[in-house]
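Chemist: Please find target_15.pdb (PDB, C-alpha atoms and all ligand atoms) on the next line:
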```pdb
ATOM      1  CA  MET A   1       0.000   0.000   0.000
ATOM      2  CA  PRO A   2       1.456   3.400  -0.899
ATOM      3  CA  HIS A   3       2.275   5.299   2.280
ATOM      4  CA  ASP A   4      -0.049   8.174   1.439
ATOM      5  CA  GLU A   5      -3.097   5.894   1.263
ATOM      6  CA  PRO A   6      -4.941   5.676   4.593
ATOM      7  CA  ALA A   7      -5.742   2.253   6.068
ATOM      8  CA  VAL A   8      -8.973   3.378   7.693
ATOM      9  CA  SER A   9     -11.634   5.786   6.440
ATOM     10  CA  VAL A  10     -14.171   6.984   8.991
ATOM     11  CA  ILE A  11     -17.272   8.218   7.152
ATOM     12  CA  VAL A  12     -19.618  10.568   8.966
ATOM     13  CA  PRO A  13     -22.812  11.866   7.307
ATOM     14  CA  THR A  14     -23.842  15.248   8.686
ATOM     15  CA  TYR A  15     -26.775  17.574   8.535
ATOM     16  CA  ASN A  16     -26.638  20.440  11.027
ATOM     17  CA  GLU A  17     -24.090  18.827  13.340
ATOM     18  CA  ARG A  18     -21.853  21.830  13.943
ATOM     19  CA  GLU A  19     -22.179  21.548  17.715
ATOM     20  CA  ASN A  20     -21.084  17.910  17.762
ATOM     21  CA  LEU A  21     -18.205  18.066  15.308
ATOM     22  CA  PRO A  22     -15.309  19.238  17.545
ATOM     23  CA  ALA A  23     -15.908  16.510  20.153
ATOM     24  CA  LEU A  24     -16.412  13.902  17.432
ATOM     25  CA  VAL A  25     -13.110  14.750  15.711
ATOM     26  CA  GLN A  26     -11.294  14.726  19.042
ATOM     27  CA  ARG A  27     -12.754  11.420  20.200
ATOM     28  CA  VAL A  28     -12.164   9.688  16.847
ATOM     29  CA  SER A  29      -8.536  10.902  16.862
ATOM     30  CA  ASP A  30      -8.053   9.729  20.449
ATOM     31  CA  ALA A  31      -9.665   6.360  19.768
ATOM     32  CA  LEU A  32      -7.305   5.723  16.840
ATOM     33  CA  ARG A  33      -4.190   7.061  18.535
ATOM     34  CA  GLY A  34      -2.533   3.629  18.194
ATOM     35  CA  THR A  35      -2.789   3.931  14.391
ATOM     36  CA  PRO A  36      -0.415   6.352  12.608
ATOM     37  CA  ALA A  37      -2.271   9.631  11.939
ATOM     38  CA  THR A  38      -1.583   9.379   8.197
ATOM     39  CA  ALA A  39      -3.282   5.973   8.176
ATOM     40  CA  VAL A  40      -6.652   7.419   9.171
ATOM     41  CA  GLU A  41      -8.922   9.713   7.207
ATOM     42  CA  LEU A  42     -12.123  11.203   8.540
ATOM     43  CA  LEU A  43     -14.602  11.919   5.769
ATOM     44  CA  VAL A  44     -17.445  14.246   6.651
ATOM     45  CA  VAL A  45     -20.239  14.095   4.059
ATOM     46  CA  ASP A  46     -22.341  17.183   4.609
ATOM     47  CA  ASP A  47     -25.529  18.098   2.737
ATOM     48  CA  ASP A  48     -24.783  21.803   2.717
ATOM     49  CA  SER A  49     -26.047  22.231   6.287
ATOM     50  CA  PRO A  50     -27.371  25.720   6.978
ATOM     51  CA  ASP A  51     -25.662  25.746  10.387
ATOM     52  CA  GLY A  52     -22.213  25.836   8.761
ATOM     53  CA  THR A  53     -21.104  22.289   9.623
ATOM     54  CA  ALA A  54     -18.905  22.179   6.494
ATOM     55  CA  VAL A  55     -17.161  25.482   7.258
ATOM     56  CA  LEU A  56     -16.335  24.253  10.731
ATOM     57  CA  ALA A  57     -15.113  20.924   9.321
ATOM     58  CA  GLU A  58     -12.667  22.800   7.069
ATOM     59  CA  GLU A  59     -11.429  24.767  10.085
ATOM     60  CA  LEU A  60     -10.990  21.616  12.150
ATOM     61  CA  ALA A  61      -9.101  19.981   9.255
ATOM     62  CA  ALA A  62      -6.249  22.421   9.806
ATOM     63  CA  THR A  63      -5.586  21.245  13.364
ATOM     64  CA  ALA A  64      -7.050  17.740  13.616
ATOM     65  CA  ALA A  65      -4.741  14.881  14.587
ATOM     66  CA  VAL A  66      -6.180  12.836  11.696
ATOM     67  CA  ARG A  67      -6.643  13.736   8.039
ATOM     68  CA  LEU A  68     -10.042  15.328   7.739
ATOM     69  CA  ARG A  69     -11.847  15.847   4.441
ATOM     70  CA  CYS A  70     -15.271  17.405   4.035
ATOM     71  CA  ILE A  71     -17.381  16.552   1.008
ATOM     72  CA  VAL A  72     -20.287  18.928   0.511
ATOM     73  CA  ARG A  73     -23.312  17.745  -1.468
ATOM     74  CA  ARG A  74     -25.487  20.512  -2.817
ATOM     75  CA  GLY A  75     -29.101  20.048  -3.883
ATOM     76  CA  GLU A  76     -29.140  16.515  -2.523
ATOM     77  CA  ARG A  77     -30.367  15.185   0.841
ATOM     78  CA  GLY A  78     -30.451  11.823   2.512
ATOM     79  CA  LEU A  79     -28.415   9.885   5.008
ATOM     80  CA  ALA A  80     -28.029   6.635   3.060
ATOM     81  CA  THR A  81     -26.945   8.290  -0.193
ATOM     82  CA  ALA A  82     -24.540  10.530   1.759
ATOM     83  CA  VAL A  83     -22.911   7.417   3.215
ATOM     84  CA  ILE A  84     -22.635   5.862  -0.250
ATOM     85  CA  ARG A  85     -20.904   9.017  -1.488
ATOM     86  CA  GLY A  86     -18.462   8.708   1.423
ATOM     87  CA  LEU A  87     -17.827   5.037   0.635
ATOM     88  CA  ARG A  88     -17.208   5.973  -3.002
ATOM     89  CA  GLU A  89     -14.652   8.614  -2.069
ATOM     90  CA  ALA A  90     -12.996   6.642   0.747
ATOM     91  CA  ARG A  91      -9.407   5.578   0.201
ATOM     92  CA  GLY A  92      -9.011   3.348   3.256
ATOM     93  CA  GLY A  93      -9.133  -0.426   2.945
ATOM     94  CA  THR A  94     -11.401  -0.499   6.002
ATOM     95  CA  CYS A  95     -14.385   1.833   6.084
ATOM     96  CA  ILE A  96     -16.139   2.782   9.306
ATOM     97  CA  VAL A  97     -19.529   4.492   9.125
ATOM     98  CA  MET A  98     -20.897   6.357  12.139
ATOM     99  CA  ASP A  99     -23.228   9.186  13.131
ATOM    100  CA  ALA A 100     -21.910  12.616  14.060
ATOM    101  CA  ASP A 101     -24.011  13.134  17.165
ATOM    102  CA  LEU A 102     -21.864  10.951  19.486
ATOM    103  CA  SER A 103     -24.566   8.318  19.886
ATOM    104  CA  HIS A 104     -21.953   5.911  18.525
ATOM    105  CA  PRO A 105     -18.923   5.781  20.840
ATOM    106  CA  PRO A 106     -15.760   6.431  18.784
ATOM    107  CA  GLU A 107     -13.918   4.377  21.434
ATOM    108  CA  SER A 108     -15.533   1.251  19.925
ATOM    109  CA  ILE A 109     -13.952   1.813  16.486
ATOM    110  CA  PRO A 110     -10.860  -0.339  17.283
ATOM    111  CA  SER A 111     -13.123  -3.274  18.268
ATOM    112  CA  LEU A 112     -14.929  -3.017  14.932
ATOM    113  CA  ILE A 113     -11.618  -2.971  13.070
ATOM    114  CA  ASP A 114     -10.395  -5.963  15.096
ATOM    115  CA  ALA A 115     -13.517  -7.957  14.251
ATOM    116  CA  LEU A 116     -12.717  -7.546  10.534
ATOM    117  CA  ARG A 117      -9.256  -9.083  10.974
ATOM    118  CA  ASP A 118     -10.923 -12.459  10.522
ATOM    119  CA  PRO A 119     -11.078 -12.750   6.710
ATOM    120  CA  ALA A 120     -14.339 -14.708   6.935
ATOM    121  CA  VAL A 121     -16.109 -11.766   8.569
ATOM    122  CA  GLN A 122     -17.814  -9.551   5.986
ATOM    123  CA  MET A 123     -18.980  -6.798   8.272
ATOM    124  CA  ALA A 124     -18.779  -5.675  11.914
ATOM    125  CA  VAL A 125     -21.751  -3.831  13.411
ATOM    126  CA  GLY A 126     -21.680  -1.689  16.555
ATOM    127  CA  SER A 127     -24.691  -3.287  18.204
ATOM    128  CA  ARG A 128     -27.046  -2.303  20.987
ATOM    129  CA  PHE A 129     -28.819  -5.647  21.088
ATOM    130  CA  VAL A 130     -26.215  -8.305  21.757
ATOM    131  CA  ARG A 131     -24.831  -9.344  25.146
ATOM    132  CA  GLY A 132     -22.820  -6.454  26.570
ATOM    133  CA  GLY A 133     -24.576  -3.873  24.370
ATOM    134  CA  ARG A 134     -26.369  -1.036  26.126
ATOM    135  CA  VAL A 135     -28.795   1.703  25.327
ATOM    136  CA  ASP A 136     -28.272   4.798  27.391
ATOM    137  CA  LEU A 137     -31.256   6.695  26.040
ATOM    138  CA  HIS A 138     -34.020   8.875  27.305
ATOM    139  CA  TRP A 139     -36.325   8.314  24.365
ATOM    140  CA  PRO A 140     -40.067   8.771  24.836
ATOM    141  CA  LEU A 141     -42.185   5.623  24.648
ATOM    142  CA  HIS A 142     -43.416   6.301  21.107
ATOM    143  CA  ARG A 143     -39.854   6.508  19.827
ATOM    144  CA  ARG A 144     -38.870   3.250  21.509
ATOM    145  CA  LEU A 145     -41.939   1.500  20.115
ATOM    146  CA  ASN A 146     -41.108   2.906  16.697
ATOM    147  CA  SER A 147     -37.622   1.473  16.867
ATOM    148  CA  LEU A 148     -38.896  -1.903  18.060
ATOM    149  CA  PHE A 149     -41.543  -2.051  15.342
ATOM    150  CA  GLY A 150     -38.991  -1.028  12.693
ATOM    151  CA  ARG A 151     -36.723  -3.889  13.744
ATOM    152  CA  LEU A 152     -39.541  -6.430  13.786
ATOM    153  CA  LEU A 153     -40.463  -5.506  10.225
ATOM    154  CA  ALA A 154     -36.882  -6.077   9.058
ATOM    155  CA  ARG A 155     -36.308  -9.275  11.047
ATOM    156  CA  PRO A 156     -37.020 -11.722   8.180
ATOM    157  CA  LEU A 157     -34.415  -9.946   6.026
ATOM    158  CA  THR A 158     -31.376 -10.657   8.226
ATOM    159  CA  PRO A 159     -30.390 -12.392  11.461
ATOM    160  CA  VAL A 160     -28.443  -9.265  12.537
ATOM    161  CA  ARG A 161     -30.058  -8.093  15.792
ATOM    162  CA  ASP A 162     -29.257  -4.393  15.323
ATOM    163  CA  MET A 163     -29.955  -4.140  11.607
ATOM    164  CA  MET A 164     -31.105  -0.519  12.055
ATOM    165  CA  ALA A 165     -27.657   0.525  13.310
ATOM    166  CA  GLY A 166     -25.644   3.249  11.629
ATOM    167  CA  PHE A 167     -22.293   2.201  13.107
ATOM    168  CA  PHE A 168     -20.351  -0.447  11.208
ATOM    169  CA  ALA A 169     -17.090  -1.469   9.587
ATOM    170  CA  VAL A 170     -16.665  -3.055   6.192
ATOM    171  CA  ARG A 171     -13.806  -3.733   3.781
ATOM    172  CA  ARG A 172     -13.957  -1.448   0.774
ATOM    173  CA  SER A 173     -13.025  -4.381  -1.471
ATOM    174  CA  ASP A 174     -16.147  -6.295  -0.346
ATOM    175  CA  LEU A 175     -18.482  -3.524  -1.455
ATOM    176  CA  HIS A 176     -20.322  -3.274  -4.770
ATOM    177  CA  LEU A 177     -21.735   0.208  -4.478
ATOM    178  CA  ASP A 178     -23.539   0.001  -7.804
ATOM    179  CA  ARG A 179     -25.850  -2.612  -6.298
ATOM    180  CA  LEU A 180     -27.169  -0.144  -3.748
ATOM    181  CA  ALA A 181     -30.343   1.861  -4.287
ATOM    182  CA  PRO A 182     -31.545   2.967  -0.858
ATOM    183  CA  VAL A 183     -34.279   5.389   0.041
ATOM    184  CA  GLY A 184     -33.904   7.174   3.356
ATOM    185  CA  TYR A 185     -31.890   6.206   6.392
ATOM    186  CA  LYS A 186     -31.081   2.525   6.658
ATOM    187  CA  ILE A 187     -27.839   2.086   4.777
ATOM    188  CA  LEU A 188     -26.628  -0.863   6.878
ATOM    189  CA  LEU A 189     -29.717  -2.916   6.079
ATOM    190  CA  GLU A 190     -29.370  -1.966   2.408
ATOM    191  CA  ILE A 191     -25.739  -3.127   2.271
ATOM    192  CA  ILE A 192     -26.382  -6.410   4.114
ATOM    193  CA  VAL A 193     -29.404  -7.399   2.030
ATOM    194  CA  ARG A 194     -28.111  -6.320  -1.400
ATOM    195  CA  HIS A 195     -24.755  -8.020  -0.849
ATOM    196  CA  GLY A 196     -26.256 -11.080   0.802
ATOM    197  CA  PHE A 197     -23.764 -10.748   3.660
ATOM    198  CA  ARG A 198     -24.060 -13.777   5.943
ATOM    199  CA  ASN A 199     -21.052 -13.431   8.184
ATOM    200  CA  VAL A 200     -21.772 -10.271  10.123
ATOM    201  CA  VAL A 201     -20.296  -9.889  13.611
ATOM    202  CA  GLU A 202     -22.061  -7.701  16.159
ATOM    203  CA  VAL A 203     -19.749  -5.887  18.558
ATOM    204  CA  PRO A 204     -21.517  -4.637  21.708
ATOM    205  CA  ILE A 205     -21.599  -0.861  22.151
ATOM    206  CA  THR A 206     -23.213   1.596  24.516
ATOM    207  CA  PHE A 207     -25.498   3.807  22.470
ATOM    208  CA  ALA A 208     -26.042   7.287  23.914
ATOM    209  CA  ASP A 209     -28.561  10.053  23.341
ATOM    210  CA  ARG A 210     -27.454  12.564  20.723
ATOM    211  CA  ALA A 211     -25.027  14.940  22.478
ATOM    212  CA  ALA A 212     -26.354  18.191  20.999
ATOM    213  CA  GLY A 213     -28.596  19.424  18.201
ATOM    214  CA  ARG A 214     -31.879  18.094  16.908
ATOM    215  CA  THR A 215     -33.020  14.882  15.310
ATOM    216  CA  LYS A 216     -33.659  14.708  11.571
ATOM    217  CA  LEU A 217     -35.852  11.673  11.959
ATOM    218  CA  ASP A 218     -39.446  12.680  11.191
ATOM    219  CA  VAL A 219     -42.632  11.028  10.013
ATOM    220  CA  SER A 220     -41.696  11.321   6.338
ATOM    221  CA  GLU A 221     -38.435   9.497   7.113
ATOM    222  CA  GLN A 222     -40.430   6.708   8.729
ATOM    223  CA  LEU A 223     -42.636   6.427   5.660
ATOM    224  CA  ARG A 224     -39.509   6.273   3.519
ATOM    225  CA  TYR A 225     -38.358   3.365   5.686
ATOM    226  CA  LEU A 226     -41.524   1.438   4.784
ATOM    227  CA  ARG A 227     -40.847   2.104   1.092
ATOM    228  CA  HIS A 228     -37.288   0.967   1.574
ATOM    229  CA  LEU A 229     -38.425  -2.271   3.227
ATOM    230  CA  ALA A 230     -40.839  -2.925   0.353
ATOM    231  CA  ARG A 231     -37.962  -2.619  -2.114
ATOM    232  CA  LEU A 232     -35.731  -4.943  -0.111
ATOM    233  CA  TYR A 233     -38.462  -7.587   0.268
ATOM    234  CA  THR A 234     -39.116  -7.417  -3.478
ATOM    235  CA  PHE A 235     -35.398  -7.844  -4.134
ATOM    236  CA  VAL A 236     -35.129 -10.886  -1.846
ATOM    237  CA  LEU A 237     -38.325 -12.515  -3.103
ATOM    238  CA  ARG A 238     -37.156 -12.165  -6.702
ATOM    239  CA  GLY A 239     -34.039 -14.104  -5.807
ATOM    240  CA  ARG A 240     -31.625 -11.216  -5.090
ATOM    241  CA  ARG A 241     -31.420 -10.089  -8.709
TER     242      ARG A 241
HETATM  243  N1  LIG A 301     -25.465  14.121   4.907
HETATM  244  C1  LIG A 301     -26.599  13.883   5.581
HETATM  245  N2  LIG A 301     -26.547  13.441   6.853
HETATM  246  C2  LIG A 301     -27.720  13.232   7.506
HETATM  247  C3  LIG A 301     -28.979  13.463   6.921
HETATM  248  N3  LIG A 301     -29.946  13.154   7.827
HETATM  249  C4  LIG A 301     -29.292  12.780   8.957
HETATM  250  N4  LIG A 301     -27.962  12.832   8.766
HETATM  251  C5  LIG A 301     -26.888  12.480   9.701
HETATM  252  O1  LIG A 301     -27.033  11.108  10.005
HETATM  253  C6  LIG A 301     -26.747  10.852  11.365
HETATM  254  C7  LIG A 301     -27.973  10.232  12.030
HETATM  255  O2  LIG A 301     -29.031  11.173  12.085
HETATM  256  P1  LIG A 301     -29.848  11.468  13.437
HETATM  257  O3  LIG A 301     -30.652  12.702  13.253
HETATM  258  O4  LIG A 301     -28.908  11.436  14.592
HETATM  259  O5  LIG A 301     -30.843  10.248  13.481
HETATM  260  P2  LIG A 301     -31.168   9.339  14.720
HETATM  261  O6  LIG A 301     -29.889   8.901  15.362
HETATM  262  O7  LIG A 301     -32.086   8.301  14.237
HETATM  263  O8  LIG A 301     -31.961  10.311  15.698
HETATM  264  P3  LIG A 301     -31.432  11.254  16.934
HETATM  265  O9  LIG A 301     -30.102  10.751  17.364
HETATM  266  O10 LIG A 301     -32.457  11.174  17.967
HETATM  267  O11 LIG A 301     -31.295  12.614  16.378
HETATM  268  C8  LIG A 301     -26.315  12.192  11.959
HETATM  269  O12 LIG A 301     -24.923  12.302  11.870
HETATM  270  C9  LIG A 301     -26.993  13.190  11.043
HETATM  271  O13 LIG A 301     -26.361  14.449  11.000
HETATM  272  C10 LIG A 301     -29.007  13.926   5.555
HETATM  273  O14 LIG A 301     -30.052  14.137   4.955
HETATM  274  N5  LIG A 301     -27.799  14.110   4.950
HETATM  275 MG    MG A 302     -28.606  10.246  16.232
END
```
Could you write out this structure as structure tokens?

Modeler:
Amino acid sequence: MPHDEPAVSVIVPTYNERENLPALVQRVSDALRGTPATAVELLVVDDDSPDGTAVLAEELAATAAVRLRCIVRRGERGLATAVIRGLREARGGTCIVMDADLSHPPESIPSLIDALRDPAVQMAVGSRFVRGGRVDLHWPLHRRLNSLFGRLLARPLTPVRDMMAGFFAVRRSDLHLDRLAPVGYKILLEIIVRHGFRNVVEVPITFADRAAGRTKLDVSEQLRYLRHLARLYTFVLRGRR
């Protein structure tokens, strides 16, 4: 591998996450301190957030302990497609995807990378719902029921317990991005189902409430999830073609 190519790309989709970015960059850098700084790139994929997330990312790039690149998408919105853009632009052999709001502990990144050392493992998921996983949330009942219902609907598609997660590691060489056609939020589910990944390891994490800022998850996003599920069921029932 040429020495200027990073080994790990950490992809973070953002929309109005200015308040969370400094702590995220710091905690990702600290978590990967054992890896040479040049071997890590942090890719922020921002959808032209009105709060100036991208401007701040450029400022942080000047001082961050890791290489930080901000990709700004204009006239386009959506978490899953933002992640795909990040995966397309990533140069690391191992790609980590995580949220910006510190719900996903950056300190768990090394465990995800370790899980991929086994060549048989196709993906490592930071999971709330395996032994040792925790949810440190103060969600109202309707939100918890929503999450539970969302998982039940996806259960026949994959044995992965936390298939709604947004925190995972995958080898870039195992990805066929042209197979992906997601609508909405659930990029992990899209990748697992469209690739037919069977050997997915779930690494327990403690999932926290978003540190600052507001959720982007609204009713229209939940309706998009139902559309997404319909597409994935159609794909599976037609024999994954
Ligand atoms: N680029 C991009 N990122 C997005 C978009 N929607 C959400 N995100 C990012 O995706 C991640 C997950 O979004 P969240 O709003 O935290 O969704 P959630 O975790 O289900 O809900 P809360 O944590 O309660 O807010 C965050 O880093 C968001 O900034 C989008 O349309 N485009
Ligand atoms: Mg969140």

Chemist: Give as a ChimeraX atom specification the residues that the PyMOL selection byres (((not hetatm)) within 6 of (chain A and resi 302)) matches when applied to the coordinates above.

Modeler: /A:101,103,210

Chemist: Could you list, as a tab-separated table (two decimals) with C-alpha atoms, in the coordinates of the input, every residue matched by the PyMOL selection byres (((chain A and resi 41) around 8) and not hetatm) in this structure?

Modeler:
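Result saved to result07.tsv:
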```tsv
chain	number	residue	atom	x	y	z
A	6	PRO	CA	-4.94	5.68	4.59
A	8	VAL	CA	-8.97	3.38	7.69
A	9	SER	CA	-11.63	5.79	6.44
A	10	VAL	CA	-14.17	6.98	8.99
A	38	THR	CA	-1.58	9.38	8.20
A	39	ALA	CA	-3.28	5.97	8.18
A	40	VAL	CA	-6.65	7.42	9.17
A	42	LEU	CA	-12.12	11.20	8.54
A	43	LEU	CA	-14.60	11.92	5.77
A	66	VAL	CA	-6.18	12.84	11.70
A	67	ARG	CA	-6.64	13.74	8.04
A	68	LEU	CA	-10.04	15.33	7.74
A	69	ARG	CA	-11.85	15.85	4.44
A	92	GLY	CA	-9.01	3.35	3.26
```

Chemist: How many Å lie between atom CA of Ser173 of chain A and atom CA of Pro13 of chain A, rounded to one decimal?

Modeler: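 We find that atom CA of Ser173 of chain A and atom CA of Pro13 of chain A lie 20.9 Å from each other.
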
Chemist: Would you list the residues that come within 7 Å of ligand LIG 301 (chain A)? Count only C-alpha atoms and all ligand atoms and give the answer as a list in words.

Modeler: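 Checking only C-alpha atoms and all ligand atoms against ligand LIG 301 (chain A) at 7 Å gives Val12, Pro13, Thr14, Tyr15, Asn16, Glu17, Val45, Asp46, Asp47, Arg77, Gly78, Leu79, Ala82, Asp99, Ala100, Asp101, Ser103, Asp209, Arg210, Arg214, Thr215, Lys216 and Leu217 of chain A.
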
Chemist: Any chance you could resolve the PyMOL selection byres (((chain A and resi 226-240) around 9) and not hetatm) against this file and give the residues as a ChimeraX atom specification?

Modeler: /A:150,153-154,157,182-186,189-190,193-196,221-225,241

Chemist: Counting only C-alpha atoms, which residues have an atom no more than 10 Å from (-19.4, 21.6, 19.0) in the file's coordinates? Please list them as a list in words.

Modeler: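 Residues found, by chain and rising number: Glu17, Arg18, Glu19, Asn20, Leu21, Pro22, Ala23, Leu24, Val25, Thr53, Leu56, Asp101, Ala211, Ala212 and Gly213 of chain A.
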
Chemist: Kindly give the distance, in Å, that separates atom CA of Leu188 of chain A and atom CA of Arg74 of chain A, rounded to a single decimal.

Modeler: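 Atom CA of Arg74 of chain A lies at a distance of 23.5 Å from atom CA of Leu188 of chain A.
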
Chemist: Closest to Gly133 of chain A among A:Val72, A:Asp30, A:Pro105, A:Phe197, using all atoms listed in the file?

Modeler: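 Once distances to Gly133 of chain A are computed over all atoms listed in the file, the minimum belongs to A:Pro105.
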
Chemist: Determine, counting only C-alpha atoms, which protein, DNA and RNA residues have an atom within 9 Å of an atom of Val160 of chain A; residues of the same chain fewer than 5 positions away are not included. Present the result as a list in words.

Modeler: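 What passes the distance filter is Val125, Arg155, Val200, Val201 and Glu202 of chain A.
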
Chemist: Calculate how many Å separate atom CA of Leu32 of chain A from atom CA of Val44 of chain A, rounding to one decimal.

Modeler: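 So the two atoms, atom CA of Leu32 of chain A and atom CA of Val44 of chain A, lie 16.7 Å apart.
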
Chemist: Return segment 7-28 of chain A, completed with N, CA and C atoms, as a CSV table (one decimal), in the frame of the given file.

Modeler:
```
chain,number,residue,atom,x,y,z
A,7,ALA,N,-5.3,3.6,5.9
A,7,ALA,CA,-5.7,2.3,6.1
A,7,ALA,C,-7.2,2.3,6.5
A,8,VAL,N,-7.6,3.3,7.2
A,8,VAL,CA,-9.0,3.4,7.7
A,8,VAL,C,-9.6,4.7,7.3
A,9,SER,N,-10.8,4.6,6.7
A,9,SER,CA,-11.6,5.8,6.4
A,9,SER,C,-12.8,5.8,7.4
A,10,VAL,N,-13.0,6.9,8.1
A,10,VAL,CA,-14.2,7.0,9.0
A,10,VAL,C,-15.2,7.9,8.3
A,11,ILE,N,-16.3,7.4,7.9
A,11,ILE,CA,-17.3,8.2,7.2
A,11,ILE,C,-18.4,8.7,8.1
A,12,VAL,N,-18.6,10.0,8.1
A,12,VAL,CA,-19.6,10.6,9.0
A,12,VAL,C,-20.6,11.5,8.2
A,13,PRO,N,-21.8,11.0,8.0
A,13,PRO,CA,-22.8,11.9,7.3
A,13,PRO,C,-23.3,13.0,8.3
A,14,THR,N,-23.4,14.2,7.8
A,14,THR,CA,-23.8,15.2,8.7
A,14,THR,C,-24.9,16.1,8.1
A,15,TYR,N,-25.8,16.5,8.9
A,15,TYR,CA,-26.8,17.6,8.5
A,15,TYR,C,-27.0,18.4,9.8
A,16,ASN,N,-26.5,19.6,9.8
A,16,ASN,CA,-26.6,20.4,11.0
A,16,ASN,C,-26.0,19.8,12.3
A,17,GLU,N,-24.8,19.5,12.2
A,17,GLU,CA,-24.1,18.8,13.3
A,17,GLU,C,-22.9,19.7,13.8
A,18,ARG,N,-23.0,21.0,13.6
A,18,ARG,CA,-21.9,21.8,13.9
A,18,ARG,C,-21.5,21.7,15.4
A,19,GLU,N,-22.5,21.6,16.3
A,19,GLU,CA,-22.2,21.5,17.7
A,19,GLU,C,-21.4,20.3,18.1
A,20,ASN,N,-21.7,19.2,17.4
A,20,ASN,CA,-21.1,17.9,17.8
A,20,ASN,C,-19.7,17.6,17.2
A,21,LEU,N,-19.4,18.4,16.1
A,21,LEU,CA,-18.2,18.1,15.3
A,21,LEU,C,-16.9,18.1,16.1
A,22,PRO,N,-16.6,19.2,16.9
A,22,PRO,CA,-15.3,19.2,17.5
A,22,PRO,C,-15.1,18.0,18.5
A,23,ALA,N,-16.1,17.7,19.2
A,23,ALA,CA,-15.9,16.5,20.2
A,23,ALA,C,-15.8,15.2,19.4
A,24,LEU,N,-16.5,15.1,18.2
A,24,LEU,CA,-16.4,13.9,17.4
A,24,LEU,C,-15.0,13.7,16.9
A,25,VAL,N,-14.4,14.8,16.3
A,25,VAL,CA,-13.1,14.8,15.7
A,25,VAL,C,-12.1,14.4,16.8
A,26,GLN,N,-12.2,15.0,17.9
A,26,GLN,CA,-11.3,14.7,19.0
A,26,GLN,C,-11.4,13.3,19.5
A,27,ARG,N,-12.6,12.8,19.7
A,27,ARG,CA,-12.8,11.4,20.2
A,27,ARG,C,-12.4,10.4,19.2
A,28,VAL,N,-12.6,10.6,17.9
A,28,VAL,CA,-12.2,9.7,16.8
A,28,VAL,C,-10.6,9.7,16.8
```
